$ cat target_33.tsv   # TSV, C-alpha atoms (C1' of nucleotides)
chain	number	residue	atom	x	y	z
A	656	MET	CA	-86.97	-3.46	-65.90
A	657	ASN	CA	-83.34	-4.20	-65.46
A	658	GLU	CA	-83.67	-6.65	-68.31
A	659	TYR	CA	-81.21	-7.00	-71.10
A	660	THR	CA	-83.54	-6.40	-74.03
A	661	ASP	CA	-82.58	-5.19	-77.45
A	662	THR	CA	-84.34	-1.88	-77.01
A	663	ALA	CA	-82.03	0.41	-78.91
A	664	LEU	CA	-80.98	3.70	-77.39
A	665	GLN	CA	-82.21	2.82	-73.98
A	666	ILE	CA	-80.57	5.27	-71.69
A	667	THR	CA	-80.99	3.56	-68.36
A	668	LYS	CA	-77.71	1.78	-67.87
A	669	SER	CA	-79.14	-1.25	-66.19
A	670	TRP	CA	-76.00	-3.36	-66.26
A	671	ASN	CA	-75.42	-5.36	-63.18
A	672	ALA	CA	-72.69	-7.96	-63.20
A	673	TYR	CA	-74.27	-9.67	-60.23
A	674	GLN	CA	-77.08	-10.97	-62.41
A	675	ALA	CA	-76.29	-14.16	-64.23
A	676	ALA	CA	-77.43	-13.02	-67.67
A	677	CYS	CA	-75.69	-9.64	-67.65
A	678	PRO	CA	-73.45	-9.22	-70.69
A	679	THR	CA	-70.87	-7.33	-68.67
A	680	ARG	CA	-70.02	-10.76	-67.28
A	681	LEU	CA	-68.63	-11.55	-70.71
A	682	MET	CA	-66.36	-8.55	-70.53
A	683	LEU	CA	-65.17	-9.43	-67.06
A	684	ASN	CA	-64.37	-12.88	-68.35
A	685	ARG	CA	-62.47	-11.47	-71.29
A	686	ILE	CA	-60.42	-9.19	-69.04
A	687	ALA	CA	-60.07	-12.06	-66.66
A	688	ASP	CA	-58.65	-14.27	-69.36
A	689	LYS	CA	-55.40	-15.93	-68.51
A	690	TRP	CA	-53.54	-14.29	-71.40
A	691	THR	CA	-55.42	-11.07	-72.11
A	692	VAL	CA	-53.53	-9.00	-69.58
A	693	LEU	CA	-50.20	-10.05	-71.00
A	694	VAL	CA	-51.08	-9.73	-74.67
A	695	LEU	CA	-52.69	-6.34	-74.29
A	696	GLY	CA	-49.83	-5.23	-72.10
A	697	LEU	CA	-47.39	-5.85	-74.92
A	698	LEU	CA	-49.54	-4.40	-77.66
A	699	ALA	CA	-50.04	-1.28	-75.55
A	700	LEU	CA	-46.34	-0.56	-76.05
A	701	GLU	CA	-46.17	-1.21	-79.75
A	702	THR	CA	-47.60	-3.07	-82.69
A	703	LYS	CA	-46.19	-6.55	-82.83
A	704	ARG	CA	-46.45	-9.58	-85.04
A	705	PHE	CA	-47.58	-13.01	-84.06
A	706	SER	CA	-44.25	-14.71	-83.66
A	707	LEU	CA	-42.81	-11.91	-81.54
A	708	LEU	CA	-45.78	-11.98	-79.22
A	709	GLN	CA	-45.35	-15.68	-78.74
A	710	ARG	CA	-41.68	-15.30	-77.99
A	711	GLU	CA	-42.29	-12.54	-75.48
A	712	ILE	CA	-45.04	-14.28	-73.56
A	713	GLY	CA	-43.48	-17.21	-71.80
A	714	GLY	CA	-45.47	-20.40	-71.90
A	715	ILE	CA	-48.21	-19.45	-74.31
A	716	SER	CA	-48.96	-21.98	-77.03
A	717	GLN	CA	-49.67	-21.07	-80.61
A	718	LYS	CA	-53.22	-22.20	-80.19
A	719	MET	CA	-53.85	-20.08	-77.13
A	720	LEU	CA	-52.21	-17.02	-78.63
A	721	THR	CA	-54.32	-17.33	-81.75
A	722	GLN	CA	-57.43	-17.86	-79.71
A	723	THR	CA	-56.70	-14.92	-77.42
A	724	LEU	CA	-55.93	-12.61	-80.33
A	725	ARG	CA	-59.12	-13.63	-82.16
A	726	GLY	CA	-61.13	-12.91	-79.08
A	727	LEU	CA	-59.52	-9.54	-78.57
A	728	GLU	CA	-60.04	-8.71	-82.21
A	729	ARG	CA	-63.67	-9.71	-82.07
A	730	ASP	CA	-64.18	-7.57	-78.98
A	731	GLY	CA	-62.70	-4.59	-80.78
A	732	LEU	CA	-59.69	-4.31	-78.49
A	733	VAL	CA	-57.08	-5.37	-81.01
A	734	LEU	CA	-56.64	-4.71	-84.71
A	735	ARG	CA	-55.29	-7.44	-86.97
A	736	THR	CA	-53.54	-6.34	-90.13
A	737	VAL	CA	-52.47	-8.82	-92.77
A	738	TYR	CA	-49.85	-7.82	-95.30
A	739	PRO	CA	-50.20	-9.83	-98.51
A	740	GLU	CA	-46.61	-10.92	-98.74
A	741	VAL	CA	-44.82	-14.20	-98.82
A	742	PRO	CA	-44.12	-15.27	-96.25
A	743	PRO	CA	-47.21	-13.64	-94.73
A	744	ARG	CA	-46.79	-10.92	-92.17
A	745	VAL	CA	-49.53	-10.21	-89.65
A	746	GLU	CA	-49.36	-7.34	-87.25
A	747	TYR	CA	-51.43	-6.84	-84.16
A	748	SER	CA	-52.04	-3.42	-82.70
A	749	ILE	CA	-54.21	-2.05	-79.96
A	750	THR	CA	-57.38	-0.11	-80.80
A	751	PRO	CA	-58.55	3.09	-79.10
A	752	LEU	CA	-61.06	0.99	-77.20
A	753	GLY	CA	-58.27	-1.32	-76.14
A	754	GLN	CA	-56.25	1.68	-75.02
A	755	THR	CA	-58.93	2.57	-72.49
A	756	LEU	CA	-58.21	-0.71	-70.80
A	757	VAL	CA	-54.43	-0.85	-70.69
A	758	GLY	CA	-54.01	1.43	-67.70
A	759	LEU	CA	-56.22	-0.83	-65.66
A	760	LEU	CA	-54.44	-3.96	-66.77
A	761	ALA	CA	-51.07	-2.43	-65.97
A	762	GLU	CA	-52.37	-1.74	-62.49
A	763	LEU	CA	-53.34	-5.39	-62.16
A	764	ARG	CA	-49.85	-6.49	-63.06
A	765	ARG	CA	-48.42	-3.96	-60.66
A	766	TRP	CA	-50.73	-5.10	-57.88
A	767	SER	CA	-49.65	-8.68	-58.45
A	768	GLU	CA	-46.01	-7.74	-58.36
A	769	THR	CA	-46.41	-5.62	-55.27
A	770	HIS	CA	-48.45	-8.06	-53.23
A	771	ILE	CA	-47.30	-11.45	-54.42
A	772	GLU	CA	-45.04	-11.87	-51.41
A	773	ALA	CA	-47.85	-11.21	-48.96
A	774	VAL	CA	-50.02	-13.67	-50.84
A	775	LEU	CA	-47.41	-16.40	-50.95
A	776	GLN	CA	-46.89	-15.93	-47.23
A	777	ALA	CA	-50.63	-16.15	-46.59
A	778	GLN	CA	-50.76	-19.34	-48.63
A	779	GLN	CA	-47.98	-20.90	-46.60
A	780	ALA	CA	-49.72	-20.01	-43.36
A	781	TYR	CA	-52.99	-21.42	-44.65
A	782	ASP	CA	-51.44	-24.63	-45.87
A	783	GLN	CA	-49.60	-25.13	-42.60
A	784	GLN	CA	-52.75	-25.06	-40.52
A	785	ALA	CA	-53.82	-27.93	-42.72
A	786	HIS	CA	-57.40	-26.97	-41.98
A	787	ALA	CA	-58.29	-30.30	-40.54
A	788	ALA	CA	-58.93	-28.44	-37.32
A	789	THR	CA	-62.65	-28.21	-37.07
A	790	ASP	CA	-63.12	-24.68	-36.01
A	791	GLN	CA	-62.98	-24.72	-32.25
A	792	GLU	CA	-59.90	-22.54	-32.30
A	793	ILE	CA	-62.33	-19.69	-32.67
A	794	SER	CA	-62.96	-19.85	-28.93
A	795	GLY	CA	-59.36	-18.99	-28.19
A	796	ILE	CA	-58.06	-22.52	-28.00
A	797	ARG	CA	-55.42	-22.66	-30.68
A	798	ARG	CA	-54.81	-26.05	-32.11
A	799	ILE	CA	-51.28	-27.41	-31.88
A	800	ARG	CA	-49.92	-29.16	-34.91
A	801	PHE	CA	-49.02	-32.81	-34.50
B	928	MET	CA	-30.55	-13.57	-61.94
B	929	ASN	CA	-34.20	-12.96	-62.43
B	930	GLU	CA	-34.79	-16.40	-61.04
B	931	TYR	CA	-37.46	-17.23	-58.52
B	932	THR	CA	-35.25	-18.70	-55.85
B	933	ASP	CA	-35.98	-18.94	-52.16
B	934	THR	CA	-33.33	-16.44	-51.21
B	935	ALA	CA	-34.99	-14.71	-48.30
B	936	LEU	CA	-34.95	-10.96	-48.09
B	937	GLN	CA	-33.79	-10.54	-51.61
B	938	ILE	CA	-34.47	-6.94	-52.46
B	939	THR	CA	-34.32	-7.03	-56.22
B	940	LYS	CA	-37.93	-7.35	-57.24
B	941	SER	CA	-37.37	-9.53	-60.23
B	942	TRP	CA	-41.01	-10.38	-60.88
B	943	ASN	CA	-41.93	-10.51	-64.49
B	944	ALA	CA	-45.30	-11.86	-65.44
B	945	TYR	CA	-44.10	-12.46	-68.97
B	946	GLN	CA	-41.98	-15.37	-67.82
B	947	ALA	CA	-43.83	-18.63	-67.56
B	948	ALA	CA	-42.65	-19.55	-64.07
B	949	CYS	CA	-43.29	-16.18	-62.45
B	950	PRO	CA	-45.52	-16.53	-59.38
B	951	THR	CA	-47.26	-13.26	-60.15
B	952	ARG	CA	-48.99	-15.25	-62.86
B	953	LEU	CA	-50.80	-17.06	-60.08
B	954	MET	CA	-52.03	-13.78	-58.71
B	955	LEU	CA	-53.18	-12.58	-62.09
B	956	ASN	CA	-55.09	-15.81	-62.45
B	957	ARG	CA	-56.68	-15.40	-59.05
B	958	ILE	CA	-57.77	-11.85	-59.86
B	959	ALA	CA	-58.78	-13.06	-63.25
B	960	ASP	CA	-61.02	-15.67	-61.74
B	961	LYS	CA	-64.56	-15.65	-63.00
B	962	TRP	CA	-66.04	-15.09	-59.56
B	963	THR	CA	-63.32	-13.28	-57.62
B	964	VAL	CA	-64.31	-9.84	-58.82
B	965	LEU	CA	-67.90	-10.37	-57.79
B	966	VAL	CA	-67.24	-12.00	-54.43
B	967	LEU	CA	-64.67	-9.46	-53.36
B	968	GLY	CA	-66.89	-6.67	-54.62
B	969	LEU	CA	-69.61	-7.72	-52.21
B	970	LEU	CA	-67.33	-8.37	-49.26
B	971	ALA	CA	-65.76	-4.96	-49.77
B	972	LEU	CA	-69.09	-3.47	-48.74
B	973	GLU	CA	-69.73	-5.63	-45.73
B	974	THR	CA	-69.14	-8.94	-44.04
B	975	LYS	CA	-71.53	-11.51	-45.37
B	976	ARG	CA	-72.38	-15.12	-44.78
B	977	PHE	CA	-72.26	-17.92	-47.29
B	978	SER	CA	-75.91	-18.15	-48.18
B	979	LEU	CA	-76.27	-14.43	-48.69
B	980	LEU	CA	-73.29	-14.32	-51.02
B	981	GLN	CA	-74.78	-17.09	-53.07
B	982	ARG	CA	-78.11	-15.33	-53.30
B	983	GLU	CA	-76.50	-12.07	-54.34
B	984	ILE	CA	-74.28	-13.51	-57.03
B	985	GLY	CA	-76.52	-14.72	-59.79
B	986	GLY	CA	-75.59	-18.04	-61.30
B	987	ILE	CA	-72.86	-19.14	-58.92
B	988	SER	CA	-73.11	-22.71	-57.69
B	989	GLN	CA	-72.44	-23.75	-54.15
B	990	LYS	CA	-69.38	-25.59	-55.29
B	991	MET	CA	-67.92	-22.61	-57.10
B	992	LEU	CA	-68.66	-20.23	-54.26
B	993	THR	CA	-66.97	-22.54	-51.78
B	994	GLN	CA	-64.03	-22.99	-54.07
B	995	THR	CA	-63.65	-19.28	-54.73
B	996	LEU	CA	-63.91	-18.41	-51.04
B	997	ARG	CA	-61.35	-21.06	-50.09
B	998	GLY	CA	-58.96	-19.68	-52.67
B	999	LEU	CA	-59.44	-16.12	-51.50
B	1000	GLU	CA	-58.97	-17.22	-47.91
B	1001	ARG	CA	-55.81	-19.07	-48.76
B	1002	ASP	CA	-54.45	-16.05	-50.58
B	1003	GLY	CA	-55.11	-13.91	-47.53
B	1004	LEU	CA	-57.70	-11.74	-49.22
B	1005	VAL	CA	-60.69	-12.97	-47.26
B	1006	LEU	CA	-61.17	-13.96	-43.64
B	1007	ARG	CA	-63.47	-16.84	-42.76
B	1008	THR	CA	-65.04	-16.81	-39.33
B	1009	VAL	CA	-67.01	-19.75	-38.00
B	1010	TYR	CA	-69.39	-19.26	-35.11
B	1011	PRO	CA	-69.90	-22.47	-33.19
B	1012	GLU	CA	-73.66	-22.42	-33.20
B	1013	VAL	CA	-76.39	-24.65	-34.48
B	1014	PRO	CA	-77.19	-24.19	-37.19
B	1015	PRO	CA	-73.65	-23.09	-38.05
B	1016	ARG	CA	-73.01	-19.53	-39.07
B	1017	VAL	CA	-69.99	-18.64	-41.20
B	1018	GLU	CA	-69.10	-15.11	-42.04
B	1019	TYR	CA	-66.73	-13.92	-44.70
B	1020	SER	CA	-65.02	-10.58	-44.52
B	1021	ILE	CA	-62.34	-8.85	-46.50
B	1022	THR	CA	-58.83	-8.54	-45.11
B	1023	PRO	CA	-56.62	-5.45	-45.26
B	1024	LEU	CA	-54.72	-7.12	-48.08
B	1025	GLY	CA	-57.97	-7.74	-49.88
B	1026	GLN	CA	-58.91	-4.09	-49.38
B	1027	THR	CA	-55.92	-3.02	-51.42
B	1028	LEU	CA	-57.46	-4.81	-54.36
B	1029	VAL	CA	-61.10	-3.75	-54.23
B	1030	GLY	CA	-60.59	-0.37	-55.85
B	1031	LEU	CA	-59.01	-2.01	-58.83
B	1032	LEU	CA	-61.72	-4.62	-59.12
B	1033	ALA	CA	-64.40	-1.97	-58.89
B	1034	GLU	CA	-62.71	-0.22	-61.79
B	1035	LEU	CA	-62.86	-3.43	-63.77
B	1036	ARG	CA	-66.58	-3.73	-63.21
B	1037	ARG	CA	-67.00	-0.08	-64.10
B	1038	TRP	CA	-64.96	-0.52	-67.28
B	1039	SER	CA	-67.09	-3.45	-68.28
B	1040	GLU	CA	-70.28	-1.53	-67.70
B	1041	THR	CA	-69.03	1.53	-69.52
B	1042	HIS	CA	-67.68	-0.24	-72.59
B	1043	ILE	CA	-69.87	-3.29	-72.96
B	1044	GLU	CA	-71.93	-1.61	-75.67
B	1045	ALA	CA	-68.87	-0.80	-77.76
B	1046	VAL	CA	-67.69	-4.36	-77.34
B	1047	LEU	CA	-71.01	-5.93	-78.28
B	1048	GLN	CA	-71.08	-3.70	-81.35
B	1049	ALA	CA	-67.55	-4.72	-82.30
B	1050	GLN	CA	-68.53	-8.35	-81.92
B	1051	GLN	CA	-71.50	-7.91	-84.22
B	1052	ALA	CA	-69.34	-6.24	-86.83
B	1053	TYR	CA	-66.76	-8.98	-86.56
B	1054	ASP	CA	-69.29	-11.76	-86.82
B	1055	GLN	CA	-70.95	-10.15	-89.80
B	1056	GLN	CA	-67.80	-10.07	-91.87
B	1057	ALA	CA	-67.81	-13.81	-91.30
B	1058	HIS	CA	-64.07	-13.78	-91.77
B	1059	ALA	CA	-64.12	-16.25	-94.60
B	1060	ALA	CA	-62.70	-13.45	-96.70
B	1061	THR	CA	-59.08	-14.28	-97.14
B	1062	ASP	CA	-57.43	-11.00	-96.64
B	1063	GLN	CA	-57.37	-9.40	-100.06
B	1064	GLU	CA	-59.60	-6.62	-98.86
B	1065	ILE	CA	-56.43	-5.11	-97.49
B	1066	SER	CA	-55.64	-3.87	-100.98
B	1067	GLY	CA	-58.79	-1.77	-101.05
B	1068	ILE	CA	-61.05	-4.34	-102.66
B	1069	ARG	CA	-63.80	-4.84	-100.15
B	1070	ARG	CA	-65.51	-8.17	-100.30
B	1071	ILE	CA	-69.26	-8.16	-100.78
B	1072	ARG	CA	-71.27	-10.53	-98.68
B	1073	PHE	CA	-73.42	-12.99	-100.66
C	1196	DC	C1'	-44.57	-17.02	-91.10
C	1197	DT	C1'	-49.12	-17.50	-89.60
C	1198	DG	C1'	-52.06	-19.89	-89.09
C	1199	DT	C1'	-56.04	-24.18	-89.12
C	1200	DA	C1'	-57.37	-28.96	-87.95
C	1201	DT	C1'	-57.19	-32.96	-85.22
C	1202	DC	C1'	-56.47	-35.76	-81.37
C	1203	DC	C1'	-56.19	-36.38	-76.71
C	1204	DT	C1'	-55.65	-35.28	-71.84
C	1205	DA	C1'	-56.62	-32.57	-67.87
C	1206	DA	C1'	-59.14	-29.27	-65.63
C	1207	DT	C1'	-63.65	-27.03	-64.91
C	1208	DC	C1'	-68.17	-26.92	-63.68
C	1209	DG	C1'	-73.04	-28.11	-62.55
C	1210	DA	C1'	-76.12	-31.37	-60.43
C	1211	DT	C1'	-77.08	-34.31	-56.97
C	1212	DA	C1'	-76.72	-36.64	-52.69
C	1213	DC	C1'	-75.18	-36.63	-48.21
C	1214	DT	C1'	-73.02	-34.77	-43.38
C	1215	DG	C1'	-72.33	-32.11	-38.91
D	445	DC	C1'	-76.78	-23.51	-42.66
D	446	DA	C1'	-72.66	-24.56	-44.65
D	447	DG	C1'	-70.54	-27.32	-46.39
D	448	DT	C1'	-68.07	-32.21	-48.60
D	449	DA	C1'	-68.13	-35.99	-52.04
D	450	DT	C1'	-68.96	-37.86	-56.25
D	451	DC	C1'	-70.38	-38.26	-61.01
D	452	DG	C1'	-70.84	-36.93	-65.64
D	453	DA	C1'	-70.65	-33.43	-69.19
D	454	DT	C1'	-68.39	-29.75	-71.11
D	455	DT	C1'	-64.49	-27.10	-71.94
D	456	DA	C1'	-59.67	-25.68	-71.95
D	457	DG	C1'	-55.41	-26.63	-73.41
D	458	DG	C1'	-51.08	-28.93	-75.26
D	459	DA	C1'	-48.95	-31.52	-79.06
D	460	DT	C1'	-48.64	-32.51	-83.55
D	461	DA	C1'	-49.41	-32.31	-88.40
D	462	DC	C1'	-50.26	-29.73	-92.14
D	463	DA	C1'	-51.79	-25.64	-95.39
D	464	DG	C1'	-51.55	-20.93	-97.70

$ encode --input "target_33.tsv" --output "structure tokens"
Amino acid sequence: MNEYTDTALQITKSWNAYQAACPTRLMLNRIADKWTVLVLGLLALETKRFSLLQREIGGISQKMLTQTLRGLERDGLVLRTVYPEVPPRVEYSITPLGQTLVGLLAELRRWSETHIEAVLQAQQAYDQQAHAATDQEISGIRRIRF
Amino acid sequence: MNEYTDTALQITKSWNAYQAACPTRLMLNRIADKWTVLVLGLLALETKRFSLLQREIGGISQKMLTQTLRGLERDGLVLRTVYPEVPPRVEYSITPLGQTLVGLLAELRRWSETHIEAVLQAQQAYDQQAHAATDQEISGIRRIRF
DNA sequence: CTGTATCCTAATCGATACTG
DNA sequence: CAGTATCGATTAGGATACAG
């Protein structure tokens, strides 16, 4: 058991992200995508078109935005609507499934904003110790730099 | 304003992940790391040593585990403790800062497990439409496959 | 405007070998 | 045991050109 077979309607939710082949890994990777949080965060507020999304997300290339949106669409988190006009207009909106995720993603952004200072400080401390010290400072002898 | 200067003690929290240079992007990327969720999820339960972590996380290579742990340590989310024994024993534990994140990460895993079926289904539907159809189905004319 | 296609570079990652 | 170092393969990603 605990396999990921195609057995339809199997009740036993045997998902376990700690196993290499578990498909929930794919979802974690999608959520974990560099741009997903930002794209979904914007679409959670309102339907937007391609060019506006690109303008509002600093540093994203056209290629990456396209790629991210395609992925989100394929995963059922975003709906793509093409209006047959010239010039073409394409609008992206969030789906109900996508909506179930936005709260979580907002919390991630909030966590980052709240704790970034602590993290940056930790990084500085880490980098300063240089970590060439080979671990005898555990015994109470603190290494002195230079 | 809204710059990321070094001005110490500046109160105005001007973080905005939608700007390319915002350091909170780094945090999002760390959280978004393929392995972070899994590693921190285990360490949230109890202190563990290297080899055990690797055994419990299916598919992670030694290199990636090392790399992930170093990053987490540098960010102040994980504490690395070396016991000067032979053979060496190294234990990894979660820090208070790391603790503030585990609830969120657990929710991510839970979301993935809860919605993976809907996502897989959406993917199937998406793949089946093949998306060679160039958008005239918007007008009500549904394309028929083959 | 909203893409796709191509080229090219840089980063990622696994596998393997080796060290204290 | 817990790594580091190195190599090669794959992938991610930016830049550019171009199409509908």

$ residues_around --input "target_33.tsv" --residues "stretch 1196-1211 of chain C" --least-positions-apart "2" --cutoff "7 Å" --atoms "only C-alpha atoms (C1' of nucleotides)" --output "list in words"
Pro742, Pro743 and Arg744 of chain A

$ write_last_selection --input "target_33.tsv" --atoms "C-alpha atoms" --output "PDB file, keeping the file's coordinate frame"
ATOM      1  CA  PRO A 742     -44.120 -15.270 -96.250  1.00  0.00           C
ATOM      2  CA  PRO A 743     -47.210 -13.640 -94.730  1.00  0.00           C
ATOM      3  CA  ARG A 744     -46.790 -10.920 -92.170  1.00  0.00           C
TER       4      ARG A 744
END

$ atom_distance --input "target_33.tsv" --atom1 "atom CA of A:Val694" --atom2 "atom CA of A:Leu720"
8.4 Å

$ closest_residue --input "target_33.tsv" --among "A:Leu759, A:Leu727, A:Leu734, A:Met719" --to "chain D" --atoms "only C-alpha atoms (C1' of nucleotides)"
A:Met719

$ atom_distance --input "target_33.tsv" --atom1 "atom CA of B:Ala944" --atom2 "atom CA of B:Gln1050"
28.7 Å

$ atom_distance --input "target_33.tsv" --atom1 "atom CA of B:Gln1055" --atom2 "atom CA of A:Asn671"
27.4 Å

$ axis_aligned_box --input "target_33.tsv" --around "stretch 1020-1023 of chain B" --padding-each-side "4 Å" --output "JSON"
{"center_x": -60.8, "center_y": -8.0, "center_z": -45.5, "size_x": 16.4, "size_y": 13.1, "size_z": 10.0}

$ interface_residues --input "target_33.tsv" --of "chain D" --to "chain A" --cutoff "10 Å" --atoms "all atoms listed in the file" --output "ChimeraX atom specification"
/D:456-459,464

$ closest_residue --input "target_33.tsv" --among "A:Tyr781, A:Tyr747, A:Phe705, A:Trp690" --to "chain B" --atoms "all atoms listed in the file"
A:Tyr781

$ closest_residue --input "target_33.tsv" --among "B:Ala948, B:Val1005, B:Ala1049, B:Leu980" --to "chain A" --atoms "only C-alpha atoms"
B:Ala1049

$ closest_residue --input "target_33.tsv" --among "A:Val745, A:Asp730, A:Val692, A:Glu772" --to "B:Ser941" --atoms "only C-alpha atoms"
A:Glu772

$ closest_residue --input "target_33.tsv" --among "A:Gln722, A:Thr691, A:Gln674, A:Thr702" --to "chain C" --atoms "all atoms listed in the file"
A:Gln722

$ decode --input "target_33.tsv" --residues "chain D" --atoms "C-alpha atoms (C1' of nucleotides)" --output "tab-separated table (two decimals), in the first residue's frame"
chain	number	residue	atom	x	y	z
D	445	DC	C1'	29.30	9.55	9.77
D	446	DA	C1'	29.24	13.73	7.62
D	447	DG	C1'	30.73	15.89	4.76
D	448	DT	C1'	33.82	18.42	0.40
D	449	DA	C1'	35.28	18.46	-4.50
D	450	DT	C1'	34.70	17.74	-9.09
D	451	DC	C1'	32.56	16.45	-13.41
D	452	DG	C1'	29.02	16.12	-16.69
D	453	DA	C1'	24.19	16.41	-17.92
D	454	DT	C1'	20.08	18.72	-17.61
D	455	DT	C1'	17.44	22.63	-16.86
D	456	DA	C1'	16.29	27.46	-16.02
D	457	DG	C1'	16.40	31.76	-17.66
D	458	DG	C1'	17.48	36.13	-20.33
D	459	DA	C1'	17.76	38.36	-24.88
D	460	DT	C1'	16.30	38.79	-29.22
D	461	DA	C1'	13.62	38.16	-33.29
D	462	DC	C1'	9.46	37.41	-35.18
D	463	DA	C1'	4.26	35.97	-35.88
D	464	DG	C1'	-0.96	36.27	-35.42
